[in-house]
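Structure file input-v3.pdb (PDB, C-alpha atoms, pLDDT in the B column) is printed below.
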```
ATOM      1  CA  MET O   1      94.323  96.086 124.696  1.00 95.00           C
ATOM      2  CA  HIS O   2      95.178  93.036 122.656  1.00 98.00           C
ATOM      3  CA  TYR O   3      98.102  90.815 123.580  1.00 98.00           C
ATOM      4  CA  LEU O   4      99.542  87.836 121.731  1.00 98.00           C
ATOM      5  CA  LEU O   5     100.868  84.985 123.807  1.00 98.00           C
ATOM      6  CA  GLN O   6     103.408  83.255 121.591  1.00 98.00           C
ATOM      7  CA  TYR O   7     104.458  79.740 122.556  1.00 98.00           C
ATOM      8  CA  GLN O   8     107.518  78.041 121.107  1.00 97.00           C
ATOM      9  CA  THR O   9     106.750  74.351 121.367  1.00 96.00           C
ATOM     10  CA  SER O  10     109.270  71.738 122.456  1.00 96.00           C
ATOM     11  CA  ALA O  11     110.641  69.042 120.148  1.00 94.00           C
ATOM     12  CA  ASP O  12     108.463  66.425 121.886  1.00 95.00           C
ATOM     13  CA  TYR O  13     105.314  68.569 121.978  1.00 95.00           C
ATOM     14  CA  LEU O  14     103.228  66.250 119.787  1.00 93.00           C
ATOM     15  CA  GLU O  15     104.332  63.160 121.711  1.00 95.00           C
ATOM     16  CA  LYS O  16     103.331  64.623 125.093  1.00 96.00           C
ATOM     17  CA  ARG O  17     100.387  66.838 124.159  1.00 95.00           C
ATOM     18  CA  SER O  18      97.693  64.234 124.776  1.00 96.00           C
ATOM     19  CA  LEU O  19      98.788  63.900 128.428  1.00 97.00           C
ATOM     20  CA  PHE O  20      97.913  67.534 129.197  1.00 98.00           C
ATOM     21  CA  ARG O  21      95.550  68.611 126.422  1.00 97.00           C
ATOM     22  CA  ALA O  22      92.264  68.331 128.346  1.00 98.00           C
ATOM     23  CA  GLU O  23      93.618  70.441 131.209  1.00 98.00           C
ATOM     24  CA  HIS O  24      95.137  72.975 128.792  1.00 98.00           C
ATOM     25  CA  LEU O  25      91.873  73.308 126.856  1.00 98.00           C
ATOM     26  CA  GLN O  26      89.863  73.669 130.057  1.00 98.00           C
ATOM     27  CA  LEU O  27      92.115  76.555 131.110  1.00 98.00           C
ATOM     28  CA  ALA O  28      91.758  78.150 127.664  1.00 98.00           C
ATOM     29  CA  TRP O  29      87.974  77.846 127.602  1.00 98.00           C
ATOM     30  CA  TRP O  30      87.705  79.328 131.095  1.00 98.00           C
ATOM     31  CA  ALA O  31      89.712  82.338 129.884  1.00 98.00           C
ATOM     32  CA  ALA O  32      87.446  82.559 126.822  1.00 98.00           C
ATOM     33  CA  GLU O  33      84.320  82.422 128.981  1.00 98.00           C
ATOM     34  CA  ARG O  34      85.679  85.348 131.027  1.00 97.00           C
ATOM     35  CA  GLY O  35      86.117  87.290 127.775  1.00 97.00           C
ATOM     36  CA  GLU O  36      89.909  87.360 128.053  1.00 98.00           C
ATOM     37  CA  LEU O  37      90.945  84.820 125.404  1.00 98.00           C
ATOM     38  CA  ILE O  38      89.675  85.591 121.913  1.00 97.00           C
ATOM     39  CA  LEU O  39      91.411  82.862 119.883  1.00 97.00           C
ATOM     40  CA  GLY O  40      94.098  80.285 120.430  1.00 98.00           C
ATOM     41  CA  GLY O  41      95.694  77.437 118.536  1.00 97.00           C
ATOM     42  CA  ALA O  42      98.739  75.708 117.132  1.00 95.00           C
ATOM     43  CA  VAL O  43     100.695  77.155 114.198  1.00 97.00           C
ATOM     44  CA  GLY O  44     102.394  75.338 111.342  1.00 94.00           C
ATOM     45  CA  GLU O  45     102.532  71.982 109.616  1.00 92.00           C
ATOM     46  CA  PRO O  46     104.221  70.369 111.410  1.00 90.00           C
ATOM     47  CA  ILE O  47     103.333  72.341 114.526  1.00 92.00           C
ATOM     48  CA  GLU O  48     106.144  74.698 115.503  1.00 92.00           C
ATOM     49  CA  SER O  49     104.438  77.158 117.824  1.00 96.00           C
ATOM     50  CA  ALA O  50     101.113  78.380 119.129  1.00 98.00           C
ATOM     51  CA  LEU O  51      99.410  81.768 119.324  1.00 98.00           C
ATOM     52  CA  LEU O  52      96.782  82.910 121.776  1.00 98.00           C
ATOM     53  CA  LEU O  53      95.058  86.268 121.368  1.00 98.00           C
ATOM     54  CA  PHE O  54      93.941  87.996 124.562  1.00 98.00           C
ATOM     55  CA  ASN O  55      91.873  91.127 125.079  1.00 97.00           C
ATOM     56  CA  VAL O  56      92.744  92.317 128.593  1.00 97.00           C
ATOM     57  CA  SER O  57      93.675  95.573 130.289  1.00 96.00           C
ATOM     58  CA  ASP O  58      96.699  94.108 132.086  1.00 97.00           C
ATOM     59  CA  PRO O  59      99.355  91.824 130.547  1.00 98.00           C
ATOM     60  CA  ALA O  60      99.786  90.246 134.000  1.00 98.00           C
ATOM     61  CA  LYS O  61      96.618  88.257 133.216  1.00 98.00           C
ATOM     62  CA  VAL O  62      98.310  86.798 130.151  1.00 98.00           C
ATOM     63  CA  LYS O  63     101.408  85.955 132.180  1.00 98.00           C
ATOM     64  CA  ALA O  64      99.248  84.299 134.851  1.00 98.00           C
ATOM     65  CA  PHE O  65      97.572  82.217 132.143  1.00 98.00           C
ATOM     66  CA  ALA O  66     100.925  81.078 130.736  1.00 98.00           C
ATOM     67  CA  GLU O  67     102.374  80.255 134.145  1.00 98.00           C
ATOM     68  CA  SER O  68      99.341  78.120 135.029  1.00 98.00           C
ATOM     69  CA  ASP O  69      99.187  76.359 131.652  1.00 98.00           C
ATOM     70  CA  PRO O  70     100.079  72.655 131.958  1.00 98.00           C
ATOM     71  CA  TYR O  71     101.875  72.871 128.603  1.00 98.00           C
ATOM     72  CA  VAL O  72     104.267  75.418 130.128  1.00 98.00           C
ATOM     73  CA  ILE O  73     104.476  73.714 133.523  1.00 98.00           C
ATOM     74  CA  HIS O  74     105.349  70.329 131.992  1.00 97.00           C
ATOM     75  CA  GLY O  75     107.836  71.600 129.392  1.00 97.00           C
ATOM     76  CA  LEU O  76     105.789  71.265 126.203  1.00 97.00           C
ATOM     77  CA  VAL O  77     106.435  74.967 125.694  1.00 97.00           C
ATOM     78  CA  SER O  78     110.153  75.712 125.543  1.00 96.00           C
ATOM     79  CA  SER O  79     109.631  79.480 125.755  1.00 98.00           C
ATOM     80  CA  TYR O  80     106.896  82.062 125.523  1.00 98.00           C
ATOM     81  CA  ARG O  81     106.554  85.768 124.819  1.00 98.00           C
ATOM     82  CA  ILE O  82     103.789  88.227 125.575  1.00 98.00           C
ATOM     83  CA  LEU O  83     103.524  90.806 122.824  1.00 98.00           C
ATOM     84  CA  PRO O  84     101.288  93.888 122.888  1.00 98.00           C
ATOM     85  CA  TRP O  85      99.342  94.015 119.641  1.00 97.00           C
ATOM     86  CA  HIS O  86      98.202  97.494 118.679  1.00 96.00           C
ATOM     87  CA  THR O  87      95.190  96.539 116.573  1.00 96.00           C
ATOM     88  CA  VAL O  88      93.855  99.391 114.444  1.00 97.00           C
ATOM     89  CA  ALA O  89      91.799  97.792 111.662  1.00 97.00           C
ATOM     90  CA  GLY O  90      88.862  95.415 111.784  1.00 95.00           C
ATOM     91  CA  HIS O  91      85.617  95.283 113.706  1.00 93.00           C
ATOM     92  CA  ASP O  92      87.328  94.077 116.887  1.00 92.00           C
ATOM     93  CA  ALA O  93      90.322  96.440 116.772  1.00 94.00           C
ATOM     94  CA  ALA O  94      91.238  97.771 120.206  1.00 92.00           C
ATOM     95  CA  THR O  95      91.983 101.253 118.871  1.00 93.00           C
ATOM     96  CA  PRO O  96      90.312 101.538 115.447  1.00 95.00           C
ATOM     97  CA  ILE O  97      91.714 104.108 113.047  1.00 95.00           C
ATOM     98  CA  ARG O  98      89.917 104.914 109.826  1.00 93.00           C
TER
END
```
As structure tokens, the full file:
Amino acid sequence: MHYLLQYQTSADYLEKRSLFRAEHLQLAWWAAERGELILGGAVGEPIESALLLFNVSDPAKVKAFAESDPYVIHGLVSSYRILPWHTVAGHDAATPIR
């Protein structure tokens, strides 16, 4: 099942990001190496949010990622949502329908 982790970034996100970016990216790449995180990155110009796409069987894994993310822990993310994404089209769709 695909899940989107949607981060709403704080007003001072860009000012503080460099303090925690290496740790955040390490966490993200570990999740990618486990096959859980498919894609992740900031959204907008200027940056207003971030999206991370997970492919996991249990949304608790996504929640655990968010709760251990230094961006969340240190307030660079003002809120987050975990959204099930019912993918049906594309080569990597979780439940392809033709």
Do a neighbour search on region 1-16 of chain O at 9 Å with only C-alpha atoms, toss out local chain neighbours closer than 2 positions, and write the hits as a short mmCIF file (atom, residue, chain, number, x, y, z; two decimals) with C-alpha atoms, keeping the file's coordinate frame.
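Contents of the output file around_19.cif:
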```
data_model
loop_
_atom_site.label_atom_id
_atom_site.label_comp_id
_atom_site.auth_asym_id
_atom_site.auth_seq_id
_atom_site.Cartn_x
_atom_site.Cartn_y
_atom_site.Cartn_z
CA SER O 18 97.69 64.23 124.78
CA LEU O 19 98.79 63.90 128.43
CA PHE O 20 97.91 67.53 129.20
CA ARG O 21 95.55 68.61 126.42
CA GLY O 40 94.10 80.28 120.43
CA ALA O 42 98.74 75.71 117.13
CA ILE O 47 103.33 72.34 114.53
CA GLU O 48 106.14 74.70 115.50
CA SER O 49 104.44 77.16 117.82
CA ALA O 50 101.11 78.38 119.13
CA LEU O 51 99.41 81.77 119.32
CA LEU O 52 96.78 82.91 121.78
CA LEU O 53 95.06 86.27 121.37
CA PHE O 54 93.94 88.00 124.56
CA ASN O 55 91.87 91.13 125.08
CA VAL O 56 92.74 92.32 128.59
CA SER O 57 93.68 95.57 130.29
CA ASP O 58 96.70 94.11 132.09
CA PRO O 59 99.36 91.82 130.55
CA VAL O 62 98.31 86.80 130.15
CA LYS O 63 101.41 85.96 132.18
CA ALA O 66 100.92 81.08 130.74
CA TYR O 71 101.88 72.87 128.60
CA VAL O 72 104.27 75.42 130.13
CA GLY O 75 107.84 71.60 129.39
CA LEU O 76 105.79 71.26 126.20
CA VAL O 77 106.44 74.97 125.69
CA SER O 78 110.15 75.71 125.54
CA SER O 79 109.63 79.48 125.76
CA TYR O 80 106.90 82.06 125.52
CA ARG O 81 106.55 85.77 124.82
CA ILE O 82 103.79 88.23 125.58
CA LEU O 83 103.52 90.81 122.82
CA PRO O 84 101.29 93.89 122.89
CA TRP O 85 99.34 94.02 119.64
CA HIS O 86 98.20 97.49 118.68
CA THR O 87 95.19 96.54 116.57
CA ALA O 93 90.32 96.44 116.77
CA ALA O 94 91.24 97.77 120.21
CA THR O 95 91.98 101.25 118.87
#
```
Just how far from CA of Asp92 (chain O) is CA of Ala22 (chain O), in Å to one decimal?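 We find that CA of Ala22 (chain O) and CA of Asp92 (chain O) lie 28.6 Å from each other.
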From CA of Lys61 (chain O) to CA of Ala31 (chain O) the spacing works out at 9.7 Å
Interatomic distance between CA of Gly41 (chain O) and CA of Leu25 (chain O)? 10.0 Å
Exercise on region 10-15 of chain O, axis-aligned box with 5 Å per side, report centre and edge lengths in Å to one decimal, as AutoDock Vina command-line options:
```
--center_x 106.9 --center_y 67.4 --center_z 121.1 --size_x 17.4 --size_y 18.6 --size_z 12.7
```
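Minimum atom-to-atom distance to Ala64 (chain O), evaluated using all atoms listed in the file, belongs to O:Leu27 out of O:Arg98, O:Glu33, O:Leu27, O:Glu45.
Using only C-alpha atoms, the nearest neighbour of Leu37 (chain O) within the list O:Ile97, O:Glu23, O:Phe65, O:Val88 is O:Phe65.
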